[in-house]
file entry-v6.cif (mmCIF, C-alpha atoms)
data_coords
loop_
_atom_site.group_PDB
_atom_site.id
_atom_site.type_symbol
_atom_site.label_atom_id
_atom_site.label_comp_id
_atom_site.auth_asym_id
_atom_site.auth_seq_id
_atom_site.Cartn_x
_atom_site.Cartn_y
_atom_site.Cartn_z
ATOM 1 C CA MET D 266 79.563 119.237 73.660
ATOM 2 C CA SER D 267 76.954 119.986 70.983
ATOM 3 C CA ALA D 268 74.350 117.396 70.028
ATOM 4 C CA THR D 269 73.842 119.050 66.630
ATOM 5 C CA GLU D 270 76.040 120.008 63.727
ATOM 6 C CA VAL D 271 75.666 122.587 60.936
ATOM 7 C CA ARG D 272 75.427 121.279 57.387
ATOM 8 C CA THR D 273 75.170 123.065 54.057
ATOM 9 C CA ASP D 274 73.572 121.369 51.055
ATOM 10 C CA ASP D 275 71.305 122.312 48.116
ATOM 11 C CA ARG D 276 68.566 123.247 50.573
ATOM 12 C CA GLY D 277 70.832 125.789 52.315
ATOM 13 C CA THR D 278 72.412 125.812 55.773
ATOM 14 C CA HIS D 279 70.635 123.901 58.526
ATOM 15 C CA THR D 280 71.374 121.999 61.735
ATOM 16 C CA VAL D 281 70.996 118.254 62.075
ATOM 17 C CA PRO D 282 71.443 115.891 64.988
ATOM 18 C CA ASN D 283 75.023 114.782 65.406
ATOM 19 C CA ALA D 284 74.960 111.003 65.787
ATOM 20 C CA THR D 285 78.592 110.882 66.869
ATOM 21 C CA ALA D 286 78.235 113.457 69.673
ATOM 22 C CA GLU D 287 78.870 112.162 73.180
ATOM 23 C CA PRO D 288 75.852 112.381 75.519
ATOM 24 C CA GLU D 289 75.968 115.171 78.084
ATOM 25 C CA LEU D 290 76.381 113.893 81.634
ATOM 26 C CA SER D 291 74.110 115.542 84.180
ATOM 27 C CA LYS D 292 75.711 117.207 87.199
ATOM 28 C CA ASP D 293 74.004 114.670 89.459
ATOM 29 C CA LYS D 294 75.579 111.829 87.474
ATOM 30 C CA ILE D 295 79.012 113.498 87.531
ATOM 31 C CA PHE D 296 78.883 114.121 91.283
ATOM 32 C CA HIS D 297 77.702 110.551 91.890
ATOM 33 C CA LEU D 298 80.605 109.168 89.860
ATOM 34 C CA LEU D 299 83.124 111.412 91.622
ATOM 35 C CA GLN D 300 81.785 111.060 95.153
ATOM 36 C CA THR D 301 84.369 108.427 96.091
ATOM 37 C CA PRO D 302 88.067 109.377 96.226
ATOM 38 C CA ARG D 303 89.098 106.102 94.586
ATOM 39 C CA ARG D 304 87.146 106.817 91.416
ATOM 40 C CA ARG D 305 88.610 110.320 91.312
ATOM 41 C CA HIS D 306 92.106 108.853 91.686
ATOM 42 C CA VAL D 307 91.443 106.398 88.846
ATOM 43 C CA LEU D 308 90.339 109.204 86.533
ATOM 44 C CA ARG D 309 93.363 111.338 87.438
ATOM 45 C CA TYR D 310 95.668 108.422 86.679
ATOM 46 C CA LEU D 311 94.003 107.784 83.304
ATOM 47 C CA LYS D 312 94.190 111.475 82.458
ATOM 48 C CA GLU D 313 97.967 111.327 82.919
ATOM 49 C CA HIS D 314 98.445 108.003 81.058
ATOM 50 C CA GLU D 315 97.126 107.805 77.500
ATOM 51 C CA GLY D 316 95.929 104.629 75.842
ATOM 52 C CA THR D 317 95.307 101.256 77.430
ATOM 53 C CA VAL D 318 96.833 100.763 80.875
ATOM 54 C CA GLU D 319 97.139 97.813 83.231
ATOM 55 C CA MET D 320 94.556 97.711 85.991
ATOM 56 C CA ARG D 321 97.320 96.554 88.374
ATOM 57 C CA ASP D 322 99.284 99.767 87.715
ATOM 58 C CA ILE D 323 96.218 101.899 88.498
ATOM 59 C CA ALA D 324 95.552 100.005 91.734
ATOM 60 C CA GLU D 325 99.147 100.401 92.889
ATOM 61 C CA GLN D 326 99.225 104.144 92.221
ATOM 62 C CA VAL D 327 95.844 104.697 93.889
ATOM 63 C CA ALA D 328 97.053 102.706 96.910
ATOM 64 C CA ALA D 329 100.214 104.827 97.045
ATOM 65 C CA TRP D 330 98.171 108.055 96.940
ATOM 66 C CA GLU D 331 95.813 106.805 99.656
ATOM 67 C CA ASN D 332 98.662 105.719 101.926
ATOM 68 C CA LYS D 333 100.775 108.801 101.131
ATOM 69 C CA THR D 334 103.719 106.688 100.074
ATOM 70 C CA SER D 335 105.442 105.450 96.919
ATOM 71 C CA VAL D 336 104.416 102.441 94.850
ATOM 72 C CA GLN D 337 107.691 100.742 95.805
ATOM 73 C CA ALA D 338 107.016 101.190 99.535
ATOM 74 C CA LEU D 339 103.506 99.693 99.448
ATOM 75 C CA THR D 340 102.793 96.588 101.483
ATOM 76 C CA SER D 341 100.865 93.636 100.086
ATOM 77 C CA ASP D 342 97.877 94.452 102.334
ATOM 78 C CA GLU D 343 97.797 98.081 101.160
ATOM 79 C CA ARG D 344 97.717 96.894 97.535
ATOM 80 C CA GLN D 345 94.962 94.341 98.198
ATOM 81 C CA ARG D 346 92.753 96.828 100.079
ATOM 82 C CA VAL D 347 92.605 98.969 96.924
ATOM 83 C CA TYR D 348 92.832 96.316 94.198
ATOM 84 C CA ILE D 349 89.759 94.303 95.236
ATOM 85 C CA PRO D 350 87.249 97.227 95.447
ATOM 86 C CA LEU D 351 88.573 98.636 92.142
ATOM 87 C CA TYR D 352 88.270 95.240 90.447
ATOM 88 C CA GLN D 353 84.818 94.390 91.828
ATOM 89 C CA SER D 354 83.115 97.764 92.118
ATOM 90 C CA HIS D 355 84.674 101.045 90.984
ATOM 91 C CA LEU D 356 86.021 100.099 87.551
ATOM 92 C CA PRO D 357 82.857 98.168 86.564
ATOM 93 C CA LYS D 358 80.802 101.229 87.607
ATOM 94 C CA LEU D 359 82.883 103.607 85.451
ATOM 95 C CA ASP D 360 82.726 101.120 82.578
ATOM 96 C CA GLU D 361 78.950 100.788 82.897
ATOM 97 C CA GLU D 362 78.602 104.578 82.643
ATOM 98 C CA GLY D 363 80.840 104.699 79.547
ATOM 99 C CA ILE D 364 83.603 106.691 81.256
ATOM 100 C CA ILE D 365 86.182 103.946 80.695
ATOM 101 C CA GLU D 366 86.557 100.727 78.719
ATOM 102 C CA TYR D 367 87.363 98.050 81.295
ATOM 103 C CA ASN D 368 88.354 94.564 80.170
ATOM 104 C CA GLN D 369 88.097 92.672 83.436
ATOM 105 C CA SER D 370 89.439 89.374 82.073
ATOM 106 C CA ARG D 371 92.556 91.003 80.594
ATOM 107 C CA GLY D 372 92.972 93.476 83.429
ATOM 108 C CA THR D 373 93.159 96.509 81.129
ATOM 109 C CA VAL D 374 91.556 99.937 81.314
ATOM 110 C CA LYS D 375 91.179 102.697 78.726
ATOM 111 C CA ARG D 376 89.710 106.159 79.134
ATOM 112 C CA THR D 377 86.857 107.183 76.778
ATOM 113 C CA LYS D 378 85.941 110.609 75.358
ATOM 114 C CA LEU D 379 83.092 110.820 77.861
ATOM 115 C CA ALA D 380 85.693 111.136 80.631
ATOM 116 C CA ASP D 381 86.564 114.603 79.276
ATOM 117 C CA GLN D 382 83.360 115.915 80.870
ATOM 118 C CA LEU D 383 84.705 115.020 84.320
ATOM 119 C CA ASP D 384 88.152 116.586 83.867
ATOM 120 C CA ARG D 385 87.232 120.050 85.102
ATOM 121 C CA TYR D 386 86.180 118.556 88.440
ATOM 122 C CA LEU D 387 89.614 117.010 88.943
ATOM 123 C CA THR D 388 92.823 118.813 89.831
ATOM 124 C CA VAL D 389 96.293 118.003 88.590
ATOM 125 C CA ASP D 390 97.937 117.776 92.023
ATOM 126 C CA GLY D 391 95.649 114.976 93.188
ATOM 127 C CA THR D 392 93.655 117.023 95.715
ATOM 128 C CA ASP D 393 90.350 118.801 95.448
ATOM 129 C CA ALA D 394 87.568 120.164 97.587
ATOM 130 C CA ASN D 395 85.832 116.797 97.716
ATOM 131 C CA ASP D 396 89.010 115.146 99.019
ATOM 132 C CA GLU D 397 89.298 117.717 101.803
ATOM 133 C CA VAL D 398 85.682 117.175 102.855
ATOM 134 C CA GLU D 399 86.203 113.418 102.697
ATOM 135 C CA THR D 400 89.317 113.687 104.872
ATOM 136 C CA GLU D 401 87.477 115.764 107.466
ATOM 137 C CA ARG D 402 84.669 113.218 107.613
ATOM 138 C CA GLU D 403 86.955 110.191 107.576
ATOM 139 C CA ILE D 404 86.566 108.163 110.724
ATOM 140 C CA SER D 405 89.701 107.216 112.622
ATOM 141 C CA TRP D 406 88.846 103.596 113.400
ATOM 142 C CA GLU D 407 92.118 103.160 115.260
ATOM 143 C CA SER D 408 90.858 105.667 117.845
ATOM 144 C CA TYR D 409 87.664 103.682 118.371
ATOM 145 C CA TYR D 410 89.536 100.407 118.771
ATOM 146 C CA LEU D 411 91.989 102.067 121.152
ATOM 147 C CA GLY D 412 89.099 103.444 123.197
ATOM 148 C CA VAL D 413 87.442 100.033 123.431
ATOM 149 C CA SER D 414 90.786 98.456 124.376
ATOM 150 C CA VAL D 415 91.396 100.996 127.154
ATOM 151 C CA PHE D 416 87.860 100.563 128.519
ATOM 152 C CA SER D 417 88.216 96.772 128.388
ATOM 153 C CA THR D 418 91.513 96.966 130.276
ATOM 154 C CA ILE D 419 89.867 99.108 132.960
ATOM 155 C CA LEU D 420 87.016 96.594 133.290
ATOM 156 C CA LEU D 421 89.406 93.649 133.593
ATOM 157 C CA ALA D 422 91.743 95.430 136.003
ATOM 158 C CA GLY D 423 88.791 96.595 138.095
ATOM 159 C CA SER D 424 87.418 93.079 138.416
ATOM 160 C CA VAL D 425 90.843 91.654 139.305
ATOM 161 C CA PHE D 426 91.572 94.324 141.929
ATOM 162 C CA GLY D 427 88.044 94.218 143.363
ATOM 163 C CA LEU D 428 86.465 97.549 142.422
ATOM 164 C CA PRO D 429 83.104 97.617 144.284
ATOM 165 C CA VAL D 430 80.839 97.902 141.214
ATOM 166 C CA LEU D 431 82.707 95.281 139.180
ATOM 167 C CA THR D 432 82.932 92.644 141.911
ATOM 168 C CA THR D 433 79.136 92.271 141.772
ATOM 169 C CA LEU D 434 79.291 91.328 138.073
ATOM 170 C CA PRO D 435 80.119 87.761 137.034
ATOM 171 C CA ALA D 436 83.280 87.310 134.945
ATOM 172 C CA VAL D 437 81.228 86.033 132.006
ATOM 173 C CA ALA D 438 79.269 89.329 131.924
ATOM 174 C CA ILE D 439 82.486 91.368 131.793
ATOM 175 C CA GLY D 440 83.940 89.132 129.077
ATOM 176 C CA GLY D 441 80.670 89.304 127.126
ATOM 177 C CA ALA D 442 80.621 93.099 127.360
ATOM 178 C CA ILE D 443 84.169 93.310 126.008
ATOM 179 C CA VAL D 444 83.419 90.966 123.085
ATOM 180 C CA ALA D 445 80.194 92.868 122.341
ATOM 181 C CA MET D 446 82.013 96.229 122.218
ATOM 182 C CA PHE D 447 84.656 94.979 119.791
ATOM 183 C CA SER D 448 81.995 93.257 117.651
ATOM 184 C CA PHE D 449 79.901 96.430 117.505
ATOM 185 C CA VAL D 450 82.807 98.673 116.427
ATOM 186 C CA THR D 451 83.903 96.119 113.807
ATOM 187 C CA LEU D 452 80.365 95.829 112.401
ATOM 188 C CA VAL D 453 79.982 99.618 112.163
ATOM 189 C CA GLN D 454 83.350 99.869 110.388
ATOM 190 C CA VAL D 455 82.416 97.160 107.846
ATOM 191 C CA VAL D 456 79.094 98.874 107.056
ATOM 192 C CA ALA D 457 80.793 102.299 106.744
ATOM 193 C CA GLU D 458 83.506 100.925 104.423
ATOM 194 C CA LYS D 459 80.937 99.181 102.220
ATOM 195 C CA LYS D 460 78.926 102.400 101.938
ATOM 196 C CA ARG D 461 82.058 104.444 101.148
ATOM 197 C CA GLU D 462 83.135 102.044 98.386
ATOM 198 C CA SER D 463 79.735 101.840 96.682
#
call {"tool": "encode", "arguments": {"input": "entry-v6.cif", "output": "structure tokens"}}
result
Amino acid sequence: MSATEVRTDDRGTHTVPNATAEPELSKDKIFHLLQTPRRRHVLRYLKEHEGTVEMRDIAEQVAAWENKTSVQALTSDERQRVYIPLYQSHLPKLDEEGIIEYNQSRGTVKRTKLADQLDRYLTVDGTDANDEVETEREISWESYYLGVSVFSTILLAGSVFGLPVLTTLPAVAIGGAIVAMFSFVTLVQVVAEKKRES
């Protein structure tokens, strides 16, 4: 997008600054804005739907994409897990950068001309290289919780059936270890989710 325009007047042809030109976004800024899948999903949705759209509709479609299901099949929890971060974080961020016009009180969103600069980094089918990398890095928290559950069951069963090492430990130590493991995994998940949504 050019920041100048050519004009011809009685002094001849010359270039002047174009006051209406959109500012060029740096690559660092673009990659920062697109680093989270949810913001990329929002921009894809707005690219496909012209004009002002309901924030609720965006949240539902993004939730459907994330859960690989249809909007109709979404559960209330699946909707809420997407709606709240969009409302509190992602949409305000895109609005602050001038990519969208977000009216939080009315719950409406509109794409701006500046969003055109991000289009080439998005694909029509809803997947891109960043999504694939994100999927590879995505942590399966269910696996961690399952692992802690299995280990806890072994500890409890071992103490009940008198395994030599576990009989020397008091019951409160075993219970404390189990609580500590679950607390640690939960804390790590919360921190990771906060970082991913920012």
call {"tool": "atom_distance", "arguments": {"input": "entry-v6.cif", "atom1": "atom CA of Trp330 of chain D", "atom2": "atom CA of Lys358 of chain D"}}
result
20.9 Å
call {"tool": "closest_residue", "arguments": {"input": "entry-v6.cif", "among": "D:Ile349, D:Val415, D:Val437, D:Met320", "to": "Ser370 of chain D", "atoms": "all atoms listed in the file"}}
result
D:Met320
call {"tool": "atom_distance", "arguments": {"input": "entry-v6.cif", "atom1": "atom CA of Ser414 of chain D", "atom2": "atom CA of Met446 of chain D"}}
result
9.3 Å
call {"tool": "residues_near_point", "arguments": {"input": "entry-v6.cif", "point": "(88.4, 102.1, 83.8)", "cutoff": "9 Å", "atoms": "only C-alpha atoms", "output": "PDB file with C-alpha atoms, in the frame of the given file"}}
result
ATOM      1  CA  VAL D 307      91.443 106.398  88.846  1.00  0.00           C
ATOM      2  CA  LEU D 308      90.339 109.204  86.533  1.00  0.00           C
ATOM      3  CA  LEU D 311      94.003 107.784  83.304  1.00  0.00           C
ATOM      4  CA  MET D 320      94.556  97.711  85.991  1.00  0.00           C
ATOM      5  CA  HIS D 355      84.674 101.045  90.984  1.00  0.00           C
ATOM      6  CA  LEU D 356      86.021 100.099  87.551  1.00  0.00           C
ATOM      7  CA  PRO D 357      82.857  98.168  86.564  1.00  0.00           C
ATOM      8  CA  LYS D 358      80.802 101.229  87.607  1.00  0.00           C
ATOM      9  CA  LEU D 359      82.883 103.607  85.451  1.00  0.00           C
ATOM     10  CA  ASP D 360      82.726 101.120  82.578  1.00  0.00           C
ATOM     11  CA  ILE D 364      83.603 106.691  81.256  1.00  0.00           C
ATOM     12  CA  ILE D 365      86.182 103.946  80.695  1.00  0.00           C
ATOM     13  CA  GLU D 366      86.557 100.727  78.719  1.00  0.00           C
ATOM     14  CA  TYR D 367      87.363  98.050  81.295  1.00  0.00           C
ATOM     15  CA  ASN D 368      88.354  94.564  80.170  1.00  0.00           C
ATOM     16  CA  THR D 373      93.159  96.509  81.129  1.00  0.00           C
ATOM     17  CA  VAL D 374      91.556  99.937  81.314  1.00  0.00           C
ATOM     18  CA  LYS D 375      91.179 102.697  78.726  1.00  0.00           C
ATOM     19  CA  ARG D 376      89.710 106.159  79.134  1.00  0.00           C
ATOM     20  CA  THR D 377      86.857 107.183  76.778  1.00  0.00           C
TER      21      THR D 377
END
call {"tool": "residues_around", "arguments": {"input": "entry-v6.cif", "residues": "Leu431 of chain D", "least_positions_apart": "4", "cutoff": "12 Å", "atoms": "all atoms listed in the file", "output": "list in words"}}
result
Ile419, Leu420, Leu421, Ala422, Gly423, Ser424, Val425, Phe426, Gly427, Pro435, Ala436, Val437, Ala438, Ile439 and Gly440 of chain D
call {"tool": "axis_aligned_box", "arguments": {"input": "entry-v6.cif", "around": "segment 297-313 of chain D", "padding_each_side": "5 Å", "output": "lines of an AutoDock Vina configuration file"}}
result
center_x = 87.8
center_y = 108.8
center_z = 89.3
size_x = 30.3
size_y = 15.4
size_z = 23.8
call {"tool": "closest_residue", "arguments": {"input": "entry-v6.cif", "among": "D:Arg371, D:Lys333, D:Val413, D:Ala442", "to": "Arg321 of chain D", "atoms": "all atoms listed in the file"}}
result
D:Arg371
call {"tool": "residues_around", "arguments": {"input": "entry-v6.cif", "residues": "segment 448-459 of chain D", "least_positions_apart": "4", "cutoff": "8 Å", "atoms": "all atoms listed in the file", "output": "number ranges by chain"}}
result
D: 406, 409-410, 444, 463
call {"tool": "residues_around", "arguments": {"input": "entry-v6.cif", "residues": "Ile295 of chain D", "least_positions_apart": "5", "cutoff": "9 Å", "atoms": "all atoms listed in the file", "output": "list in words"}}
result
Leu290, Gln300, Gln382, Leu383 and Tyr386 of chain D
call {"tool": "residues_around", "arguments": {"input": "entry-v6.cif", "residues": "Leu387 of chain D", "least_positions_apart": "6", "cutoff": "12 Å", "atoms": "all atoms listed in the file", "output": "JSON, numbers by chain"}}
result
{"D": [295, 296, 298, 299, 300, 302, 304, 305, 306, 307, 308, 309, 310, 311, 312, 313, 380, 381, 393, 394, 395, 396]}
call {"tool": "atom_distance", "arguments": {"input": "entry-v6.cif", "atom1": "atom CA of Ser417 of chain D", "atom2": "atom CA of Ile443 of chain D"}}
result
5.8 Å
call {"tool": "closest_residue", "arguments": {"input": "entry-v6.cif", "among": "D:Lys378, D:Arg385, D:His314, D:Arg303", "to": "Tyr352 of chain D", "atoms": "all atoms listed in the file"}}
result
D:Arg303
call {"tool": "closest_residue", "arguments": {"input": "entry-v6.cif", "among": "D:Gly441, D:Leu351, D:Leu339, D:Arg346", "to": "Ile323 of chain D", "atoms": "only C-alpha atoms"}}
result
D:Leu351
call {"tool": "closest_residue", "arguments": {"input": "entry-v6.cif", "among": "D:Val336, D:Gly363, D:Pro350, D:Arg344", "to": "Thr301 of chain D", "atoms": "only C-alpha atoms"}}
result
D:Pro350
call {"tool": "closest_residue", "arguments": {"input": "entry-v6.cif", "among": "D:Phe416, D:Ser335, D:Glu362, D:Glu325", "to": "Tyr348 of chain D", "atoms": "only C-alpha atoms"}}
result
D:Glu325
